[in-house]
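Colleague: Structure: protein.txt, compact mmCIF, C-alpha atoms and all ligand atoms.
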```txt
# COMPACT_ATOMS: atom_id res chain seq x y z
CA MET A 1 -53.31 -18.58 51.37
CA SER A 2 -52.47 -14.85 51.43
CA ALA A 3 -52.25 -12.44 48.47
CA ALA A 4 -48.81 -11.63 47.02
CA VAL A 5 -47.19 -8.70 48.81
CA PRO A 6 -45.93 -6.19 46.24
CA MET A 7 -42.33 -5.04 46.45
CA ASP A 8 -43.57 -1.49 46.78
CA PRO A 9 -47.29 -0.91 46.24
CA GLN A 10 -46.74 2.73 45.17
CA ARG A 11 -44.02 2.31 42.56
CA SER A 12 -44.00 0.92 39.05
CA VAL A 13 -42.06 -2.31 38.72
CA THR A 14 -39.09 -2.23 36.33
CA THR A 15 -36.24 -4.56 35.54
CA THR A 16 -34.25 -2.69 38.19
CA THR A 17 -36.85 -3.83 40.73
CA PHE A 18 -36.12 -7.40 39.66
CA ARG A 19 -32.38 -6.91 40.22
CA VAL A 20 -32.93 -5.32 43.64
CA ALA A 21 -35.38 -8.09 44.62
CA LYS A 22 -32.77 -10.76 43.93
CA ALA A 23 -30.11 -8.82 45.83
CA GLN A 24 -32.46 -8.45 48.80
CA ASN A 25 -33.76 -12.02 48.60
CA ARG A 26 -37.37 -10.85 48.01
CA ARG A 27 -39.38 -13.28 45.89
CA ILE A 28 -40.97 -12.04 42.67
CA ALA A 29 -44.62 -12.96 41.95
CA MET A 30 -45.68 -13.13 38.29
CA ILE A 31 -48.88 -14.26 36.61
CA THR A 32 -50.15 -14.32 33.05
CA ALA A 33 -52.97 -12.12 31.75
CA TYR A 34 -54.37 -11.65 28.28
CA ASP A 35 -56.97 -8.87 28.59
CA ALA A 36 -57.48 -5.48 30.25
CA PRO A 37 -59.88 -6.38 33.11
CA THR A 38 -57.74 -9.34 34.19
CA ALA A 39 -54.60 -7.19 34.00
CA ARG A 40 -56.30 -4.55 36.15
CA MET A 41 -57.31 -7.13 38.79
CA VAL A 42 -53.92 -8.84 39.04
CA ASP A 43 -52.20 -5.46 39.11
CA GLN A 44 -54.48 -4.35 41.95
CA ALA A 45 -53.79 -7.65 43.74
CA GLY A 46 -50.15 -6.61 43.92
CA VAL A 47 -48.43 -8.99 41.51
CA ASP A 48 -44.97 -7.74 40.49
CA ALA A 49 -45.10 -8.55 36.79
CA ILE A 50 -47.64 -9.71 34.23
CA LEU A 51 -46.68 -12.00 31.36
CA VAL A 52 -48.76 -11.81 28.21
CA GLY A 53 -47.78 -15.42 27.56
CA ASP A 54 -48.15 -17.20 24.26
CA SER A 55 -50.05 -19.70 26.45
CA LEU A 56 -52.77 -17.36 25.18
CA GLY A 57 -53.03 -19.77 22.24
CA MET A 58 -54.09 -22.62 24.50
CA VAL A 59 -55.99 -20.98 27.36
CA VAL A 60 -57.81 -18.23 25.44
CA LEU A 61 -57.76 -18.91 21.70
CA GLY A 62 -58.58 -22.63 21.82
CA HIS A 63 -55.45 -23.98 20.05
CA ASP A 64 -53.85 -27.19 21.29
CA SER A 65 -50.33 -25.73 21.37
CA THR A 66 -48.63 -22.31 21.40
CA LEU A 67 -47.31 -22.77 17.87
CA PRO A 68 -50.17 -21.07 15.95
CA VAL A 69 -49.92 -17.83 17.98
CA THR A 70 -48.96 -14.90 15.73
CA MET A 71 -47.40 -11.48 16.23
CA ASP A 72 -50.83 -9.96 15.52
CA ASP A 73 -52.35 -12.08 18.34
CA MET A 74 -49.60 -11.01 20.73
CA LEU A 75 -49.88 -7.34 19.81
CA HIS A 76 -53.66 -7.37 20.19
CA HIS A 77 -53.53 -8.93 23.68
CA THR A 78 -50.44 -7.01 24.84
CA ARG A 79 -52.20 -3.72 24.05
CA ALA A 80 -55.21 -4.86 26.09
CA VAL A 81 -53.03 -5.85 29.06
CA THR A 82 -51.02 -2.63 29.06
CA ARG A 83 -54.28 -0.67 29.04
CA GLY A 84 -55.35 -2.55 32.18
CA ALA A 85 -52.08 -2.61 34.17
CA SER A 86 -50.73 0.52 35.79
CA ARG A 87 -47.97 -0.64 38.16
CA ALA A 88 -46.81 -4.17 37.34
CA LEU A 89 -44.14 -4.74 34.69
CA VAL A 90 -45.76 -6.12 31.52
CA VAL A 91 -43.65 -8.72 29.71
CA ALA A 92 -44.80 -9.80 26.24
CA ASP A 93 -43.95 -13.25 24.91
CA MET A 94 -42.34 -13.48 21.49
CA PRO A 95 -44.39 -16.02 19.51
CA PHE A 96 -43.07 -18.95 17.46
CA LEU A 97 -40.94 -17.82 14.48
CA SER A 98 -40.97 -14.17 15.52
CA PHE A 99 -37.38 -14.38 16.85
CA GLN A 100 -35.77 -17.59 15.53
CA ILE A 101 -35.10 -16.49 11.95
CA SER A 102 -32.54 -13.75 12.54
CA PRO A 103 -31.53 -11.36 15.33
CA GLN A 104 -32.62 -8.48 13.08
CA GLU A 105 -36.13 -9.88 12.64
CA ALA A 106 -36.26 -10.67 16.37
CA LEU A 107 -35.38 -7.04 17.19
CA ARG A 108 -38.01 -5.73 14.78
CA ASN A 109 -40.70 -7.89 16.41
CA ALA A 110 -39.52 -7.15 19.97
CA GLY A 111 -39.65 -3.47 19.07
CA ARG A 112 -43.26 -3.80 17.90
CA LEU A 113 -44.30 -5.44 21.20
CA VAL A 114 -42.76 -2.50 23.08
CA ALA A 115 -43.64 0.41 20.74
CA GLU A 116 -47.09 -0.73 19.56
CA GLY A 117 -48.05 -3.06 22.43
CA GLY A 118 -46.68 -0.96 25.29
CA ALA A 119 -44.77 -3.88 26.89
CA GLY A 120 -41.91 -3.09 29.26
CA ALA A 121 -39.95 -6.20 28.28
CA VAL A 122 -40.16 -9.27 26.04
CA LYS A 123 -39.64 -12.98 26.75
CA LEU A 124 -38.25 -15.54 24.35
CA GLU A 125 -37.58 -19.27 24.58
CA GLY A 126 -34.12 -20.80 24.28
CA GLY A 127 -30.70 -20.65 25.95
CA ARG A 128 -27.29 -20.65 24.24
CA ARG A 129 -28.75 -20.83 20.74
CA MET A 130 -30.60 -17.57 21.41
CA ALA A 131 -27.71 -15.77 23.13
CA GLU A 132 -26.77 -13.67 20.08
CA THR A 133 -30.41 -12.67 19.59
CA VAL A 134 -30.83 -11.74 23.25
CA ARG A 135 -27.70 -9.57 23.04
CA TYR A 136 -28.94 -7.90 19.86
CA ILE A 137 -32.31 -7.03 21.39
CA THR A 138 -30.96 -5.87 24.76
CA GLN A 139 -28.34 -3.69 23.07
CA ALA A 140 -31.22 -1.88 21.38
CA GLY A 141 -32.59 -1.05 24.83
CA ILE A 142 -35.31 -3.69 25.14
CA PRO A 143 -35.18 -5.84 28.30
CA VAL A 144 -35.32 -9.57 27.56
CA MET A 145 -36.47 -12.39 29.84
CA GLY A 146 -35.13 -15.82 28.87
CA HIS A 147 -37.01 -19.12 29.15
CA VAL A 148 -35.38 -22.55 29.45
CA GLY A 149 -36.31 -26.07 30.55
CA LEU A 150 -39.66 -27.06 29.06
CA THR A 151 -39.97 -24.60 26.19
CA PRO A 152 -43.46 -25.21 24.72
CA GLN A 153 -42.57 -23.83 21.27
CA SER A 154 -40.16 -26.81 20.93
CA VAL A 155 -42.77 -29.37 22.03
CA ASN A 156 -42.28 -31.44 18.86
CA GLN A 157 -38.53 -31.59 19.42
CA LEU A 158 -38.88 -32.34 23.15
CA GLY A 159 -41.33 -35.19 22.48
CA GLY A 160 -44.11 -33.73 24.63
CA TYR A 161 -44.67 -31.54 27.65
CA ARG A 162 -42.29 -33.27 30.06
CA VAL A 163 -39.89 -32.36 32.85
CA GLN A 164 -36.44 -31.36 31.51
CA GLY A 165 -32.93 -31.61 32.99
CA ARG A 166 -33.34 -34.88 34.87
CA GLU A 167 -30.06 -36.37 33.62
CA THR A 168 -26.59 -34.97 34.35
CA ALA A 169 -25.78 -33.89 30.78
CA ASP A 170 -29.15 -32.19 30.32
CA ALA A 171 -28.88 -30.47 33.70
CA LEU A 172 -25.37 -29.19 32.94
CA ALA A 173 -26.54 -27.98 29.51
CA LEU A 174 -29.38 -26.09 31.18
CA ILE A 175 -26.96 -24.37 33.56
CA ASP A 176 -24.85 -23.35 30.52
CA ASP A 177 -28.00 -22.01 28.87
CA CYS A 178 -28.77 -19.85 31.91
CA ARG A 179 -25.21 -18.54 32.05
CA ALA A 180 -25.35 -17.68 28.35
CA LEU A 181 -28.59 -15.74 28.86
CA GLU A 182 -27.11 -13.88 31.83
CA GLU A 183 -23.97 -12.97 29.83
CA SER A 184 -26.11 -11.82 26.88
CA GLY A 185 -27.90 -9.27 29.03
CA ALA A 186 -31.18 -11.04 29.89
CA PHE A 187 -32.67 -9.47 33.05
CA ALA A 188 -34.33 -12.70 34.28
CA VAL A 189 -34.97 -16.26 33.16
CA VAL A 190 -38.00 -18.52 33.40
CA LEU A 191 -37.20 -22.08 34.49
CA GLU A 192 -40.11 -24.26 33.39
CA CYS A 193 -40.64 -27.84 34.58
CA ILE A 194 -37.21 -28.78 35.86
CA PRO A 195 -36.30 -30.62 39.09
CA ALA A 196 -36.35 -28.41 42.19
CA GLU A 197 -32.72 -29.16 43.09
CA LEU A 198 -31.51 -28.07 39.66
CA ALA A 199 -33.59 -24.87 39.80
CA GLU A 200 -32.17 -24.00 43.21
CA LEU A 201 -28.63 -24.67 42.05
CA VAL A 202 -29.04 -22.43 38.97
CA SER A 203 -30.70 -19.72 41.04
CA ARG A 204 -27.67 -19.58 43.34
CA GLU A 205 -25.21 -19.62 40.44
CA ILE A 206 -26.50 -16.80 38.27
CA SER A 207 -26.89 -13.14 39.19
CA ILE A 208 -30.20 -12.55 37.39
CA PRO A 209 -33.52 -13.64 38.97
CA THR A 210 -34.91 -17.06 38.09
CA ILE A 211 -38.68 -17.29 37.76
CA GLY A 212 -39.94 -20.83 38.28
CA ILE A 213 -42.98 -22.70 37.04
CA GLY A 214 -42.92 -26.37 37.94
CA ALA A 215 -39.40 -25.80 39.28
CA GLY A 216 -39.80 -25.99 43.06
CA VAL A 217 -39.53 -23.27 45.67
CA GLY A 218 -35.81 -22.48 45.27
CA CYS A 219 -36.25 -19.96 42.43
CA ASP A 220 -36.12 -16.19 42.93
CA GLY A 221 -39.73 -15.88 41.85
CA GLU A 222 -42.70 -17.80 40.51
CA ILE A 223 -45.00 -17.52 37.52
CA GLN A 224 -48.33 -19.24 37.03
CA VAL A 225 -50.88 -19.26 34.23
CA PHE A 226 -53.95 -17.27 35.39
CA HIS A 227 -56.49 -19.84 34.16
CA ASP A 228 -54.66 -22.74 35.89
CA LEU A 229 -54.36 -20.87 39.18
CA LEU A 230 -58.06 -19.97 39.29
CA GLY A 231 -59.47 -23.30 38.10
CA MET A 232 -60.68 -21.99 34.75
CA GLY A 233 -59.10 -24.50 32.38
CA ASP A 234 -60.22 -27.94 31.24
CA PHE A 235 -56.90 -29.38 32.32
CA THR A 236 -54.70 -28.39 35.28
CA PRO A 237 -50.98 -29.19 35.04
CA ARG A 238 -49.46 -30.84 38.12
CA HIS A 239 -47.30 -27.78 38.84
CA ALA A 240 -50.27 -25.40 38.88
CA GLY A 241 -51.51 -23.99 42.16
CA ARG A 242 -55.27 -23.88 42.65
CA TYR A 243 -56.34 -20.75 44.51
CA ALA A 244 -60.00 -20.63 43.43
CA GLU A 245 -62.65 -22.59 41.55
CA VAL A 246 -63.70 -19.82 39.18
CA GLY A 247 -64.63 -22.26 36.39
CA THR A 248 -67.12 -23.99 38.70
CA ALA A 249 -68.43 -20.63 39.92
CA ILE A 250 -68.96 -19.46 36.29
CA ARG A 251 -70.76 -22.66 35.27
CA GLU A 252 -73.02 -22.47 38.34
CA ALA A 253 -73.77 -18.75 37.89
CA VAL A 254 -74.51 -19.01 34.16
CA GLY A 255 -76.60 -22.14 34.74
CA ALA A 256 -78.69 -20.29 37.35
CA TYR A 257 -79.09 -17.30 34.99
CA THR A 258 -80.19 -19.57 32.13
CA GLN A 259 -82.81 -21.20 34.35
CA ASP A 260 -84.06 -17.82 35.62
CA VAL A 261 -84.45 -16.53 32.05
CA ARG A 262 -86.43 -19.63 31.11
CA ASP A 263 -88.57 -19.35 34.26
CA ARG A 264 -89.20 -15.60 33.65
CA VAL A 265 -87.55 -14.83 36.98
CA PHE A 266 -84.90 -12.67 35.33
CA PRO A 267 -84.90 -9.74 34.68
CA ALA A 268 -86.76 -8.82 37.86
CA GLU A 269 -88.05 -5.46 39.08
CA ALA A 270 -84.54 -4.36 40.11
CA GLN A 271 -83.25 -4.63 36.54
CA SER A 272 -86.28 -2.95 34.90
CA THR A 273 -87.29 0.64 34.14
CA HIS A 274 -90.89 1.80 33.57
CA LEU A 275 -92.69 4.31 31.43
CA ASP A 276 -94.61 7.09 33.09
CA ALA A 277 -98.33 6.02 33.09
CA ARG A 278 -99.29 9.09 31.04
CA VAL A 279 -96.62 8.34 28.36
CA LEU A 280 -97.70 4.70 28.20
CA ALA A 281 -101.35 5.69 27.73
CA GLU A 282 -100.38 8.13 24.95
CA ILE A 283 -98.26 5.53 23.16
CA LYS A 284 -101.06 2.98 23.33
CA ALA A 285 -103.59 5.51 22.04
CA ALA A 286 -101.28 6.56 19.19
CA ARG A 287 -100.60 2.96 18.20
CA ALA A 288 -104.27 2.02 18.37
CA GLY A 289 -105.07 5.01 16.11
CA SER A 290 -102.47 4.21 13.47
CA LEU A 291 -103.29 0.49 13.44
CA LYS A 292 -106.96 1.33 12.97
CA ALA A 293 -106.09 3.60 10.02
CA ALA A 294 -103.86 0.94 8.44
CA SER A 295 -106.60 -1.72 8.68
CA GLY A 296 -109.18 0.55 7.03
CA GLY A 297 -111.33 1.12 10.08
CA SER A 298 -111.44 -2.24 11.86
CA SER A 299 -109.68 -2.21 15.23
CA PRO A 300 -106.69 -4.60 15.55
CA SER A 301 -105.13 -4.93 18.98
CA ILE A 302 -101.88 -3.21 19.76
CA SER A 303 -100.03 -6.53 19.36
CA GLY A 304 -101.11 -6.71 15.72
CA ARG A 305 -103.52 -9.60 16.27
CA SER A 306 -107.12 -8.60 15.48
CA ASP A 307 -109.58 -8.48 18.33
CA GLN A 308 -111.97 -11.38 17.82
O1 LIG B 401 -46.72 -18.55 27.79
C1 LIG B 401 -46.66 -18.64 29.03
O2 LIG B 401 -47.64 -18.46 29.75
C2 LIG B 401 -45.35 -18.92 29.60
C3 LIG B 401 -45.31 -19.21 31.07
C4 LIG B 401 -45.86 -20.54 31.35
C5 LIG B 401 -43.93 -19.07 31.61
O3 LIG B 401 -44.40 -18.95 28.92
```
For this file, produce the structure as structure tokens.
Modeller:
Amino acid sequence: MSAAVPMDPQRSVTTTTFRVAKAQNRRIAMITAYDAPTARMVDQAGVDAILVGDSLGMVVLGHDSTLPVTMDDMLHHTRAVTRGASRALVVADMPFLSFQISPQEALRNAGRLVAEGGAGAVKLEGGRRMAETVRYITQAGIPVMGHVGLTPQSVNQLGGYRVQGRETADALALIDDCRALEESGAFAVVLECIPAELAELVSREISIPTIGIGAGVGCDGEIQVFHDLLGMGDFTPRHAGRYAEVGTAIREAVGAYTQDVRDRVFPAEAQSTHLDARVLAEIKAARAGSLKAASGGSSPSISGRSDQ
């Protein structure tokens, strides 16, 4: 499988790039990242945008849902990602309860992710019920990406991580959600875990790009979680692509290192530096002299054990 081809390898990606991509039928490739070196690698690989997802809670911080992720967590990791990325658009997820309480609080938190974290845009979960909030944030000049379908912050309400929009009423509601986001000024919308036919239909109906995950190939772009894509997680969702077995490679490499340390094979000559012979002799002589003085004249070895 080939690497993603950037829209323009020389230019920074902005929300305008997203709009142009949809108009020109060029697919948008997104991936998550949570730290600077990963952001640098995915940026160099040519991905169009990087999401500092609140999936951070599950794939990096060891939580079993995204609900415990805080604004401080998101700020910390967004700063790291923006330090690593130089071309791709960095989108920061708004964590649970950072945007649901009031549009004013949502704007304050979105502003922090941009001003303190360096993000170029924010993402928040929800459709029609978040329309007023999306409008409020975008009118302040902050680009917002919507997220509908399986919205992990509502996992308790949805009854688990399951495909959404299978029935007519749910599918129609999801289309209304996307339209509401578009009308509120969102620049793109993530469609997570919905049937491919529904995703394609929505993608044709709205003017802003749809970014799918578990939503078939008919979306305007795709997003995947870095750890899923590279085989680094304990569990791989069905919708995740598998482009490498990095988890296996890490376990094998660290296992070999551990064995080499135990067998005194590592570090080897290549990883060692040596004292000049003269300096070593002087050190040994100096140590032998001071140890002799400390022991009142007897002559302990340099290791501290007495010569017997
Ligand atoms: O948090 C995340 O990584 C996400 C993507 C799965 C879309 O929201």
Colleague: Pick the closest to ligand LIG 401 (chain B) from A:Leu230, A:Ile211, A:Ala85, A:Val90: which is it, counting all atoms listed in the file?
Modeller: A:Ile211
Colleague: Around ligand LIG 401 (chain B), which protein and nucleic acid residues have at least one atom no more than 6 Å from it, if we count all atoms listed in the file? List them as a list in words.
Modeller: Thr32, Gly53, Asp54, Ser55 and Val225 of chain A
Colleague: For a test of reading the model, state the distance in Å between CA of Tyr136 in chain A and CA of Ala106 in chain A, rounded to one decimal.
Modeller: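 So the two atoms, CA of Tyr136 in chain A and CA of Ala106 in chain A, lie 8.6 Å apart.
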Colleague: What is the CA of Arg112 in chain A to CA of Met74 in chain A distance in Å?
Modeller: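 For CA of Arg112 in chain A relative to CA of Met74 in chain A, the distance reads 10.0 Å.
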Colleague: Could you tell me how far CA of Thr138 in chain A lies from CA of Ala215 in chain A, in Å and to one decimal?
Modeller: 26.1 Å
Colleague: With all atoms listed in the file as the counted atoms, please give the residues lying no more than 12 Å from Asp228 in chain A, apart from itself and same-chain residues fewer than 3 positions off, as a list of chain:residue names.
Modeller: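 Answer for this query is A:Ile31, A:Thr32, A:Ala33, A:Ser55, A:Met58, A:Val59, A:Val60, A:Ile213, A:Ile223, A:Gln224, A:Val225, A:Gly231, A:Met232, A:Gly233, A:Asp234, A:Phe235, A:Thr236, A:Pro237, A:Arg238, A:His239, A:Ala240, A:Gly241, A:Arg242, A:Tyr243, A:Ala244, A:Glu245, A:Val246, A:Gly247.
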Colleague: Calculated over only C-alpha atoms, which of the candidates A:Arg162, A:Leu172, A:Gly57, A:Val114 has the smallest distance to Arg79 in chain A?
Modeller: A:Val114
Colleague: Need to verify the contact set: Arg128 in chain A, 10 Å, all atoms listed in the file, exclusion of same-chain residues closer than 4 positions in sequence. Can you return it as a ChimeraX atom specification?
Modeller: /A:132-134,148,173-174,176-181,184
Colleague: Quick one: of A:Gly111, A:Leu124, A:Arg262, A:Val81, who's nearest to Phe99 in chain A, counting all atoms listed in the file?
Modeller: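 The answer is A:Leu124, which sits nearest to Phe99 in chain A.
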Colleague: Under the rule that all atoms listed in the file are counted, which of A:Gly216, A:Ser86, A:Gly297, A:Ser65 is the nearest residue to Gly160 in chain A?
Modeller: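 The closest residue to Gly160 in chain A is A:Ser65.
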Colleague: Considering all atoms listed in the file, can you say which of A:Val265, A:Ala92, A:Ala39, A:Ile208 comes closest to Leu113 in chain A?
Modeller: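 Selected residue with least distance to Leu113 in chain A: A:Ala92.
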Colleague: With 4 Å on each side, where is the centre of the axis-aligned box around all listed atoms of range 215-221 of chain A, and how long are its edges in Å to one decimal, as AutoDock Vina command-line options?
Modeller:
```
--center_x -37.8 --center_y -20.9 --center_z 42.5 --size_x 12.0 --size_y 18.1 --size_z 14.4
```
Colleague: Pick the closest to Gly185 in chain A from A:Arg87, A:Arg135, A:Arg40, A:His227: which is it, counting all atoms listed in the file?
Modeller: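 The answer is A:Arg135, which sits nearest to Gly185 in chain A.
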